[in-house]
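These notes are about the structure you will find just below.
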Amino acid sequence: MTQTRWQRFRHFIGFPASGHHAGEQLVATLGGALGIVLVLAVTRALVGTPAALVIVPSMGASAVLIFAAPHSPFAQPWAVLAGHILSALIGVACWQLIPNPTLAAGLAVGLAIGTMHVTRSLHPPGGATALAAVIGGATVHELGYRYALSPILLNCAIILAVGIVFNHAFPWRSEEHTSELQSHHDLV
């Protein structure tokens, strides 16, 4: 059986053969939307709109992981919390200790990656949290290390709470159910 060029190309780029069912897509969509609405509202109230526009995008990336790939190691509570908090602290330290903003930005992201690896809290959006601490402007810089607690820890708590509710409210999203499906798929 020969594959068409299109099929080979799709395989080459990693295009999935099948997608998630409509219920899964709807739950992920609604959970992500609700989580970000709450995070953005709280962050705007705490630091104002201009700073929120720099801070919240990393939470948008977290929402994709938490709601669309809830069983990924990157979406687990430890990874989300430690990944963001440690990255925030590193970003603030880089901003305060490194006079060159470009170098501070690069080191913030690099050191955040290294720290997340060492602490086994790899959460890719943490890199954006570290970067926002450096490039976030005066409002973010004035927060200093408080940036890690408010708004970052608070944002993590909100997005995780919504994630836990959404991911446990639907039986097909449970890890046990997913494992059963994967086992069945492996047998086929």
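In the structure tokens, the first chain shown is A, the next is B, and so on; residue numbers restart at 1 for each chain, and ligands run from 1 in the order shown.
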message = Can you pull out the residues contacting His123 of chain A? Cut-off 6 Å, using only C-alpha atoms, and skip same-chain residues under 3 positions away; I want them as a PyMOL selection string.
response = chain A and resi 74+79-80+83+126
query = DSSP says alpha helix (DSSP H) for which residues of chain A? Put them as a ChimeraX atom specification?
reply = /A:5-12,22-47,49-55,57-63,77-97,101-118,125-135,138-143,154-169,175-187
query = Hey, can you check how far atom CA of Ser121 of chain A sits from atom CA of Glu24 of chain A?
reply = 25.9 Å
Spatial neighbours of Asn167 of chain A, 9 Å, only C-alpha atoms, chain gap at least 6 places, as a ChimeraX atom specification = /A:27-28,31,66-67,70,173-174
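Near Ala112 of chain A, within a cut-off of 7 Å and counting only C-alpha atoms, sit the residues Ser87, Ile90, Ala108, Val109, Thr115, Met116, Gly127 and Ala130 of chain A, with same-chain residues fewer than 3 positions away left out.
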